[in-house]
Every structure is written in C-alpha cells, then in structure tokens.
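Asks: Structure supplied as target_23.cif; contents: mmCIF, C-alpha atoms.
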data_my_file
loop_
_atom_site.group_PDB
_atom_site.id
_atom_site.type_symbol
_atom_site.label_atom_id
_atom_site.label_comp_id
_atom_site.auth_asym_id
_atom_site.auth_seq_id
_atom_site.Cartn_x
_atom_site.Cartn_y
_atom_site.Cartn_z
ATOM 1 C CA MET A 1 -28.590 -15.424 70.583
ATOM 2 C CA ARG A 2 -28.916 -15.243 66.788
ATOM 3 C CA GLU A 3 -27.474 -18.724 66.308
ATOM 4 C CA GLU A 4 -29.807 -20.120 68.972
ATOM 5 C CA LEU A 5 -32.799 -18.488 67.241
ATOM 6 C CA PHE A 6 -31.649 -19.861 63.892
ATOM 7 C CA GLN A 7 -31.501 -23.386 65.343
ATOM 8 C CA LEU A 8 -34.950 -22.999 66.925
ATOM 9 C CA ILE A 9 -36.430 -21.885 63.602
ATOM 10 C CA GLN A 10 -34.729 -24.676 61.721
ATOM 11 C CA THR A 11 -35.875 -27.277 64.268
ATOM 12 C CA HIS A 12 -39.375 -26.059 65.106
ATOM 13 C CA ALA A 13 -40.623 -23.665 62.400
ATOM 14 C CA TYR A 14 -39.220 -24.990 59.120
ATOM 15 C CA ARG A 15 -41.081 -27.716 57.249
ATOM 16 C CA PHE A 16 -40.455 -29.402 53.887
ATOM 17 C CA ARG A 17 -42.754 -31.695 51.979
ATOM 18 C CA GLU A 18 -43.064 -32.841 48.386
ATOM 19 C CA GLU A 19 -46.698 -31.732 48.173
ATOM 20 C CA PRO A 20 -46.496 -27.921 48.244
ATOM 21 C CA PHE A 21 -47.939 -25.835 51.050
ATOM 22 C CA THR A 22 -50.228 -22.931 50.138
ATOM 23 C CA LEU A 23 -48.795 -19.729 51.602
ATOM 24 C CA ALA A 24 -50.784 -16.721 52.852
ATOM 25 C CA SER A 25 -49.866 -15.016 49.586
ATOM 26 C CA GLY A 26 -51.568 -17.822 47.659
ATOM 27 C CA ARG A 27 -48.239 -19.012 46.297
ATOM 28 C CA LYS A 28 -47.203 -22.661 46.569
ATOM 29 C CA SER A 29 -43.957 -23.841 48.130
ATOM 30 C CA ARG A 30 -42.492 -27.095 49.371
ATOM 31 C CA HIS A 31 -40.756 -25.030 52.049
ATOM 32 C CA TYR A 32 -42.829 -23.605 54.881
ATOM 33 C CA PHE A 33 -41.815 -21.508 57.860
ATOM 34 C CA ASN A 34 -44.428 -21.609 60.625
ATOM 35 C CA CYS A 35 -42.987 -18.931 62.893
ATOM 36 C CA LYS A 36 -45.936 -19.393 65.287
ATOM 37 C CA GLU A 37 -43.800 -22.276 66.609
ATOM 38 C CA ILE A 38 -41.478 -19.522 67.850
ATOM 39 C CA THR A 39 -43.883 -16.693 68.682
ATOM 40 C CA LEU A 40 -46.466 -18.809 70.523
ATOM 41 C CA HIS A 41 -43.930 -20.607 72.715
ATOM 42 C CA PRO A 42 -43.067 -18.507 75.809
ATOM 43 C CA GLN A 43 -39.362 -19.368 76.063
ATOM 44 C CA ARG A 44 -38.749 -19.007 72.305
ATOM 45 C CA LEU A 45 -40.723 -15.749 72.125
ATOM 46 C CA GLU A 46 -38.752 -14.341 75.044
ATOM 47 C CA LEU A 47 -35.449 -15.151 73.301
ATOM 48 C CA LEU A 48 -36.738 -13.696 70.013
ATOM 49 C CA CYS A 49 -37.825 -10.404 71.576
ATOM 50 C CA LYS A 50 -34.708 -10.118 73.725
ATOM 51 C CA TYR A 51 -32.610 -10.540 70.580
ATOM 52 C CA ILE A 52 -34.701 -7.992 68.665
ATOM 53 C CA VAL A 53 -34.444 -5.344 71.410
ATOM 54 C CA GLU A 54 -30.853 -5.932 72.498
ATOM 55 C CA LYS A 55 -29.186 -6.740 69.163
ATOM 56 C CA HIS A 56 -31.304 -6.511 66.008
ATOM 57 C CA LEU A 57 -32.796 -3.042 66.459
ATOM 58 C CA PRO A 58 -29.509 -1.371 67.487
ATOM 59 C CA GLU A 59 -27.621 -3.129 64.652
ATOM 60 C CA SER A 60 -30.318 -1.931 62.214
ATOM 61 C CA GLY A 61 -29.952 1.659 63.411
ATOM 62 C CA LEU A 62 -33.401 1.634 65.021
ATOM 63 C CA ASP A 63 -33.420 3.161 68.473
ATOM 64 C CA GLY A 64 -36.001 5.034 70.467
ATOM 65 C CA GLU A 65 -38.999 3.610 68.633
ATOM 66 C CA GLU A 66 -42.391 4.533 70.103
ATOM 67 C CA ALA A 67 -44.453 1.552 68.959
ATOM 68 C CA PHE A 68 -44.427 -1.734 67.078
ATOM 69 C CA GLY A 69 -47.475 -2.929 65.184
ATOM 70 C CA GLY A 70 -48.543 -5.301 62.500
ATOM 71 C CA LEU A 71 -51.345 -7.343 61.086
ATOM 72 C CA THR A 72 -52.964 -9.692 63.571
ATOM 73 C CA MET A 73 -51.990 -12.507 64.296
ATOM 74 C CA GLY A 74 -48.486 -12.892 62.966
ATOM 75 C CA ALA A 75 -47.263 -9.674 64.540
ATOM 76 C CA ASP A 76 -49.222 -9.677 67.810
ATOM 77 C CA PRO A 77 -46.987 -11.804 70.052
ATOM 78 C CA ILE A 78 -43.842 -10.159 68.669
ATOM 79 C CA CYS A 79 -45.161 -6.652 69.348
ATOM 80 C CA PHE A 80 -46.254 -7.566 72.887
ATOM 81 C CA GLY A 81 -42.937 -9.315 73.567
ATOM 82 C CA ILE A 82 -40.927 -6.322 72.350
ATOM 83 C CA SER A 83 -43.015 -4.029 74.539
ATOM 84 C CA LEU A 84 -42.340 -6.221 77.589
ATOM 85 C CA GLU A 85 -38.603 -6.325 76.826
ATOM 86 C CA TYR A 86 -38.577 -2.529 76.818
ATOM 87 C CA ARG A 87 -40.484 -2.509 80.137
ATOM 88 C CA LYS A 88 -37.462 -4.306 81.638
ATOM 89 C CA GLN A 89 -35.584 -1.095 80.771
ATOM 90 C CA SER A 90 -38.396 1.031 82.288
ATOM 91 C CA LYS A 91 -39.425 2.269 78.827
ATOM 92 C CA ASN A 92 -42.964 2.389 77.474
ATOM 93 C CA VAL A 93 -43.012 1.158 73.895
ATOM 94 C CA PHE A 94 -46.523 0.444 72.687
ATOM 95 C CA PRO A 95 -47.722 -2.708 70.927
ATOM 96 C CA LEU A 96 -50.293 -2.004 68.219
ATOM 97 C CA ILE A 97 -52.693 -4.535 66.743
ATOM 98 C CA VAL A 98 -53.805 -4.045 63.159
ATOM 99 C CA ARG A 99 -57.069 -5.792 62.336
ATOM 100 C CA LYS A 100 -57.551 -7.420 58.951
ATOM 101 C CA GLN A 101 -60.931 -5.693 58.743
ATOM 102 C CA ALA A 102 -62.825 -3.244 60.911
ATOM 103 C CA LYS A 103 -65.390 -4.572 63.361
ATOM 104 C CA ASP A 104 -68.974 -3.626 62.578
ATOM 105 C CA HIS A 105 -69.545 -2.378 66.136
ATOM 106 C CA GLY A 106 -67.803 -0.287 68.786
ATOM 107 C CA THR A 107 -65.146 2.128 67.569
ATOM 108 C CA LYS A 108 -64.661 0.263 64.283
ATOM 109 C CA ASN A 109 -60.921 0.973 64.504
ATOM 110 C CA LEU A 110 -58.515 -1.005 62.359
ATOM 111 C CA VAL A 111 -55.602 -0.194 64.685
ATOM 112 C CA GLU A 112 -55.874 -0.909 68.402
ATOM 113 C CA GLY A 113 -53.507 0.071 71.205
ATOM 114 C CA GLY A 114 -51.774 3.307 72.133
ATOM 115 C CA VAL A 115 -52.404 4.964 68.765
ATOM 116 C CA ASN A 116 -53.042 8.358 70.371
ATOM 117 C CA ALA A 117 -49.903 8.088 72.527
ATOM 118 C CA VAL A 118 -47.464 7.785 69.584
ATOM 119 C CA LYS A 119 -46.680 9.432 66.272
ATOM 120 C CA SER A 120 -44.660 6.670 64.629
ATOM 121 C CA CYS A 121 -44.138 2.935 64.675
ATOM 122 C CA VAL A 122 -42.186 0.064 63.194
ATOM 123 C CA VAL A 123 -44.322 -2.403 61.251
ATOM 124 C CA VAL A 124 -43.801 -6.043 62.227
ATOM 125 C CA ASP A 125 -44.478 -9.359 60.512
ATOM 126 C CA ASP A 126 -43.386 -12.909 61.164
ATOM 127 C CA VAL A 127 -42.779 -14.020 57.549
ATOM 128 C CA ILE A 128 -42.681 -11.851 54.422
ATOM 129 C CA THR A 129 -43.279 -13.477 51.040
ATOM 130 C CA THR A 130 -44.977 -11.024 48.661
ATOM 131 C CA GLY A 131 -45.388 -8.376 51.361
ATOM 132 C CA GLY A 132 -49.171 -8.258 51.005
ATOM 133 C CA SER A 133 -49.980 -8.592 54.719
ATOM 134 C CA THR A 134 -47.285 -6.117 55.700
ATOM 135 C CA LEU A 135 -48.460 -3.617 53.087
ATOM 136 C CA GLN A 136 -52.023 -3.953 54.395
ATOM 137 C CA ALA A 137 -50.742 -3.197 57.920
ATOM 138 C CA ILE A 138 -48.725 -0.213 56.652
ATOM 139 C CA LYS A 139 -51.792 1.262 54.974
ATOM 140 C CA SER A 140 -53.894 0.851 58.124
ATOM 141 C CA LEU A 141 -51.177 2.338 60.346
ATOM 142 C CA ARG A 142 -50.785 5.307 58.009
ATOM 143 C CA ASP A 143 -54.560 5.761 57.796
ATOM 144 C CA ALA A 144 -54.566 5.906 61.613
ATOM 145 C CA GLY A 145 -52.205 8.885 61.361
ATOM 146 C CA LEU A 146 -48.952 7.110 62.178
ATOM 147 C CA GLU A 147 -45.633 7.417 60.405
ATOM 148 C CA VAL A 148 -44.251 3.961 59.638
ATOM 149 C CA THR A 149 -40.491 4.285 60.067
ATOM 150 C CA ALA A 150 -39.239 0.760 59.257
ATOM 151 C CA CYS A 151 -40.197 -2.895 59.016
ATOM 152 C CA ILE A 152 -38.854 -5.871 60.924
ATOM 153 C CA CYS A 153 -39.690 -9.515 60.306
ATOM 154 C CA ILE A 154 -38.422 -12.849 61.494
ATOM 155 C CA LEU A 155 -38.005 -14.256 57.986
ATOM 156 C CA ASP A 156 -37.813 -12.786 54.492
ATOM 157 C CA ARG A 157 -38.693 -15.552 52.034
ATOM 158 C CA GLU A 158 -36.900 -13.466 49.353
ATOM 159 C CA GLU A 159 -39.850 -13.648 46.959
ATOM 160 C CA GLY A 160 -40.418 -9.958 46.251
ATOM 161 C CA GLY A 161 -42.028 -8.798 49.488
ATOM 162 C CA ARG A 162 -39.055 -6.816 50.707
ATOM 163 C CA LYS A 163 -38.857 -4.941 47.406
ATOM 164 C CA ALA A 164 -42.604 -4.175 47.481
ATOM 165 C CA ILE A 165 -42.369 -2.791 51.017
ATOM 166 C CA GLU A 166 -39.246 -0.763 50.263
ATOM 167 C CA GLU A 167 -41.047 0.727 47.245
ATOM 168 C CA GLU A 168 -43.394 2.255 49.860
ATOM 169 C CA GLY A 169 -40.363 4.020 51.351
ATOM 170 C CA ILE A 170 -39.966 1.637 54.277
ATOM 171 C CA LYS A 171 -36.649 -0.103 54.897
ATOM 172 C CA VAL A 172 -36.984 -3.793 55.789
ATOM 173 C CA PHE A 173 -34.763 -5.380 58.441
ATOM 174 C CA PRO A 174 -35.277 -9.174 58.465
ATOM 175 C CA LEU A 175 -33.727 -11.250 61.212
ATOM 176 C CA PHE A 176 -33.213 -14.115 58.762
ATOM 177 C CA LYS A 177 -33.518 -14.799 55.040
ATOM 178 C CA LYS A 178 -34.784 -18.005 53.465
ATOM 179 C CA SER A 179 -31.418 -18.492 51.711
ATOM 180 C CA GLU A 180 -29.691 -18.816 55.106
ATOM 181 C CA PHE A 181 -31.501 -22.126 55.557
ATOM 182 C CA GLY A 182 -29.748 -23.752 52.610
ATOM 183 C CA SER A 183 -30.515 -24.147 48.941
ATOM 184 C CA LEU A 184 -34.276 -23.921 49.067
ATOM 185 C CA ASP A 185 -36.161 -23.747 45.786
#
Would it be possible to restate this file's structure as structure tokens?

Replies:
Amino acid sequence: MREELFQLIQTHAYRFREEPFTLASGRKSRHYFNCKEITLHPQRLELLCKYIVEKHLPESGLDGEEAFGGLTMGADPICFGISLEYRKQSKNVFPLIVRKQAKDHGTKNLVEGGVNAVKSCVVVDDVITTGGSTLQAIKSLRDAGLEVTACICILDREEGGRKAIEEEGIKVFPLFKKSEFGSLD
C-alpha cells in the first residue's frame, strides 16, 4: 500500500516548475505537493486512510486513539476517512475540525466534532513545512481541553516544521518525507 500511495503522490500531487510556488508558510519553492489530489479523490483517500489505520498508526506505536483533528481544510478529509476506516472495525473514532478562526455567531467554537466525547486526539495535516498550521491546530485543540498525543501528516517537507512541532512535546509521524521523492532543492 505504501508504494502505491507513493506513486499516486508522485503522479498526482507533486509538481515542479521553474517559477517558484508560494507555500502556505509564505516560503517559495519550485517543488509543490498538492495533497488535495489525494485527499479529495475518493479512491485515493480510501487507500490513504486504509494505510494509515492498518499500517502507519500501528507501526508508529499509535493504537486506541480517540480522535483525529486538524486545521480545516487540509486535515478534514483525512480525519473523516480515518474515522470511517475505524467504523469498518466497529470502533468510534471521532473526526475533529479545527477552524482557522472562530465564527462570530452560534457557539463560536474553534473545534467542532465530538470534543466532549474524547479526552485526547492525534493532530493531522496533509503537508508540514514550517509547522505553522499544525501548531495553530494544536493550540486550538489544547484550548478546547484536549491532550494532543501525536501528529501524523502525509508529507514532511523537511523544512523545520517537524522540529517546531516536536518542541511542543508532540512526536511527528510522517507517511513520507520530501527527500524520498529525489534530490529536491
């Protein structure tokens, strides 16, 4: 499954161009990984989440997690897909959505989902560069009273994000690293 996912990312999510892309972090890079090409495609998302639940989490020592949550929109399909994979095992594992900012009406919650049903969660992101989005999600999850036990992501761009997250006491378990895709500058 991992090799199939790797090929799907390389074929559908990875882009190179001479004129640099602007990343969410504000950094520039000629190499871009648009993991939405994986997470917003039903068959690819199903494979991704099956791999995460059946292989990646157990190999990372993560088992019995209560919830998965991350900053909308990169984490949303992954969290829902993981939850549905666990439903196939008759387990309830909650997806949590972390808003970028609170709504100005209703409950004004930053974290939506089964927050009151769980005590801990794994933070999720699609791509980690500087870790800024993931750190924002961690803060919101903690502010909602949850213990963040670990972090998973599809791709670690190996540009300092993992270190920044681990400095918050959260171990990062990427499925892939940028360096696995060749000598990328």

Asks: Padding of 4 Å on every side, edges along x, y and z, all listed atoms of region 21-26 of chain A included: what centre and edge lengths in Å, to one decimal, does that box have, as AutoDock Vina command-line options?

Replies:
--center_x -49.8 --center_y -20.4 --center_z 50.3 --size_x 11.6 --size_y 18.8 --size_z 13.2

Asks: Specify as a ChimeraX atom specification each residue included when the PyMOL selection byres ((chain A and resi 126-129) around 7) is applied to this file.

Replies: /A:25,35,74-75,124-125,130-131,153-161

Asks: Taking the file as shown, find all residues satisfying the PyMOL selection byres ((chain A and resi 138-141) around 12) and write them as a ChimeraX atom specification.

Replies: /A:67-72,96-102,109-116,118-125,131-137,142-151,164-166,168-170

Asks: I'd like to see the residues matched by the PyMOL selection byres ((chain A and resi 48) around 10) on this file, and ideally I'd get them as a PyMOL selection string.

Replies: chain A and resi 1-2+4-5+8+38-39+42-47+49-53+56+78+81-82+154+175

Asks: From (-35.9, -24.0, 56.0), in the file's coordinates, out to 6 Å: which residues are reached, counting only C-alpha atoms? Answer as a PyMOL selection string.

Replies: chain A and resi 10+14+181

Asks: So how many Å separate CA of Tyr86 (chain A) and CA of Glu180 (chain A), to one decimal?

Replies: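 Distance reported for this atom pair: 28.6 Å.
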
Asks: Between CA of Met73 (chain A) and CA of Phe176 (chain A), measure the distance and give it in Å to one decimal.

Replies: 19.6 Å

Asks: What is the distance, in Å and to one decimal place, between CA of Arg27 (chain A) and CA of Lys178 (chain A)?

Replies: 15.3 Å

Asks: Of the residues A:Pro174, A:Pro95, A:Pro77, A:Pro20, which is the one nearest to Glu65 (chain A), using all atoms listed in the file?

Replies: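 Using all atoms listed in the file, the shortest distance to Glu65 (chain A) belongs to A:Pro95.
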
Asks: Taking into account only C-alpha atoms, which residue in the set A:Lys171, A:Thr22, A:Ala117, A:Lys177 is nearest to Gly61 (chain A)?

Replies: A:Lys171

Asks: Taking all atoms listed in the file into account, name the residue in A:Phe173, A:Ser179, A:Asn34, A:Asn92 that is nearest to Leu57 (chain A).

Replies: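 Answer, going by the shortest atom-to-atom distance: A:Phe173.
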
Asks: Hey, which of A:His41, A:Ser83, A:Lys28, A:Val93 ends up closest to Gly64 (chain A)? Count all atoms listed in the file.

Replies: A:Val93

Asks: With distances taken over only C-alpha atoms, which of A:Leu23, A:Pro58, A:Lys88, A:Lys36 is nearest to Asp76 (chain A)?

Replies: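 Distance minimum relative to Asp76 (chain A) lands on A:Lys36.
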